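The file input-v3.cif contains mmCIF, C-alpha atoms:
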```cif
data_run
loop_
_atom_site.label_atom_id
_atom_site.label_comp_id
_atom_site.auth_asym_id
_atom_site.auth_seq_id
_atom_site.Cartn_x
_atom_site.Cartn_y
_atom_site.Cartn_z
CA MET E 1 39.83 5.28 6.78
CA GLY E 2 37.23 7.94 5.98
CA THR E 3 36.11 6.21 2.79
CA LEU E 4 35.59 2.96 4.70
CA ASP E 5 33.25 4.72 7.11
CA LEU E 6 31.24 6.19 4.23
CA GLY E 7 30.98 2.77 2.62
CA VAL E 8 29.58 1.15 5.75
CA SER E 9 27.12 3.98 6.40
CA GLY E 10 26.03 3.89 2.77
CA LEU E 11 25.50 0.15 3.00
CA ILE E 12 23.42 0.57 6.14
CA PHE E 13 21.38 3.30 4.43
CA TRP E 14 20.59 1.07 1.45
CA GLN E 15 19.67 -1.84 3.71
CA VAL E 16 17.28 0.32 5.74
CA GLU E 17 15.80 1.76 2.56
CA GLY E 18 15.35 -1.74 1.12
CA LEU E 19 13.63 -2.98 4.26
CA ALA E 20 11.31 0.05 4.24
CA TYR E 21 10.41 -0.64 0.60
CA ILE E 22 9.71 -4.31 1.32
CA GLY E 23 7.54 -3.31 4.28
CA PHE E 24 5.62 -0.83 2.14
CA TRP E 25 5.19 -3.46 -0.58
CA ILE E 26 3.80 -5.97 1.95
CA TYR E 27 1.44 -3.30 3.32
CA ALA E 28 0.14 -2.60 -0.21
CA ILE E 29 -0.46 -6.31 -0.87
CA ILE E 30 -2.33 -6.76 2.44
CA HIS E 31 -4.37 -3.63 1.74
CA LEU E 32 -5.20 -4.95 -1.73
CA VAL E 33 -6.32 -8.35 -0.44
CA ASN E 34 -8.61 -6.79 2.18
CA SER E 35 -10.21 -4.28 -0.23
CA GLU E 36 -13.33 -4.57 -2.34
CA PHE E 37 -13.48 -2.90 -5.74
CA LYS E 38 -16.30 -1.77 -8.01
CA ASP E 39 -15.10 -4.01 -10.83
CA SER E 40 -14.23 -7.64 -10.18
CA ASN E 41 -11.06 -7.53 -12.31
CA MET E 42 -9.56 -4.47 -10.62
CA LYS E 43 -8.00 -6.52 -7.83
CA LEU E 44 -6.09 -8.63 -10.36
CA ILE E 45 -4.99 -5.57 -12.31
CA TRP E 46 -3.74 -3.81 -9.16
CA ALA E 47 -1.93 -6.98 -8.04
CA LEU E 48 -0.07 -7.08 -11.36
CA ILE E 49 0.80 -3.38 -11.07
CA ILE E 50 2.08 -3.76 -7.50
CA ILE E 51 4.18 -6.82 -8.31
CA SER E 52 5.57 -5.84 -11.70
CA MET E 53 6.35 -2.13 -11.30
CA PRO E 54 9.00 -0.67 -8.97
CA PHE E 55 6.66 2.15 -7.95
CA GLY E 56 3.57 -0.09 -8.04
CA PRO E 57 2.81 0.07 -4.29
CA PHE E 58 3.02 3.87 -4.35
CA ILE E 59 0.78 4.11 -7.42
CA TYR E 60 -1.75 1.72 -5.88
CA LEU E 61 -2.02 3.48 -2.53
CA ALA E 62 -2.16 6.91 -4.16
CA SER E 63 -4.92 6.14 -6.66
CA SER E 64 -6.86 3.11 -5.46
CA ARG E 65 -9.48 5.06 -3.49
CA ARG E 66 -11.27 6.03 -6.69
CA ASN E 67 -11.87 2.39 -7.67
CA LYS E 68 -13.11 1.00 -4.37
CA LYS E 69 -16.64 0.42 -3.23
CA ARG E 70 -17.87 3.02 -0.81
CA GLU E 71 -20.68 2.01 1.43
CA PHE E 72 -22.17 4.34 3.98
CA LYS E 73 -24.74 2.57 6.11
CA PRO E 74 -25.51 4.63 9.16
CA ALA E 75 -27.52 2.96 11.91
CA PHE E 76 -30.11 5.64 12.52
CA SER E 77 -32.43 3.12 14.15
CA LYS E 78 -29.98 2.75 17.03
CA ILE E 79 -30.01 6.46 17.83
CA SER E 80 -32.35 7.20 20.71
CA ASN E 81 -34.60 10.25 20.59
CA PRO E 82 -34.71 12.29 23.81
#
```

Represent the structure contained in this file as structure tokens.
Amino acid sequence: MGTLDLGVSGLIFWQVEGLAYIGFWIYAIIHLVNSEFKDSNMKLIWALIIISMPFGPFIYLASSRRNKKREFKPAFSKISNP
């Protein structure tokens, strides 16, 4: 009876882990689609990495900040001077 309980809890653990991975994978794909990169081919390269590698979403989210466009456009004209 004890081994049956461990089997069910193990199954539930793997299902929850699988759902978390799928959710993380979807988040990485959405983040990729909404991002702009310095190089035009980087989006395609990251898409292939995310889809083809088991740890692709983790690699993308950990290292993609270096390859993105960074634009800082402060609106100093909207600041009023006292």

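As for atom CA of E:Pro57 and atom CA of E:Ile29, they are spaced 7.9 Å apart.
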
Exercise. Tell me, in Å to one decimal, how far atom CA of E:Gly56 is from atom CA of E:Ile30.
Key: 13.8 Å

Please enumerate the residues selected by the PyMOL selection byres ((chain E and resi 44-55) around 9) when evaluated against the supplied file, formatted as an mmCIF file with C-alpha atoms, keeping the file's coordinate frame.
```cif
data_model
loop_
_atom_site.group_PDB
_atom_site.id
_atom_site.type_symbol
_atom_site.label_atom_id
_atom_site.label_comp_id
_atom_site.auth_asym_id
_atom_site.auth_seq_id
_atom_site.Cartn_x
_atom_site.Cartn_y
_atom_site.Cartn_z
ATOM 1 C CA TRP E 25 5.190 -3.460 -0.580
ATOM 2 C CA ALA E 28 0.140 -2.600 -0.210
ATOM 3 C CA ILE E 29 -0.460 -6.310 -0.870
ATOM 4 C CA LEU E 32 -5.200 -4.950 -1.730
ATOM 5 C CA VAL E 33 -6.320 -8.350 -0.440
ATOM 6 C CA SER E 40 -14.230 -7.640 -10.180
ATOM 7 C CA ASN E 41 -11.060 -7.530 -12.310
ATOM 8 C CA MET E 42 -9.560 -4.470 -10.620
ATOM 9 C CA LYS E 43 -8.000 -6.520 -7.830
ATOM 10 C CA GLY E 56 3.570 -0.090 -8.040
ATOM 11 C CA PRO E 57 2.810 0.070 -4.290
ATOM 12 C CA PHE E 58 3.020 3.870 -4.350
ATOM 13 C CA ILE E 59 0.780 4.110 -7.420
ATOM 14 C CA TYR E 60 -1.750 1.720 -5.880
ATOM 15 C CA SER E 64 -6.860 3.110 -5.460
#
```

Self-check item: One-decimal distance in Å that lies between atom CA of E:Val16 and atom CA of E:Ala62
Solution: 22.8 Å
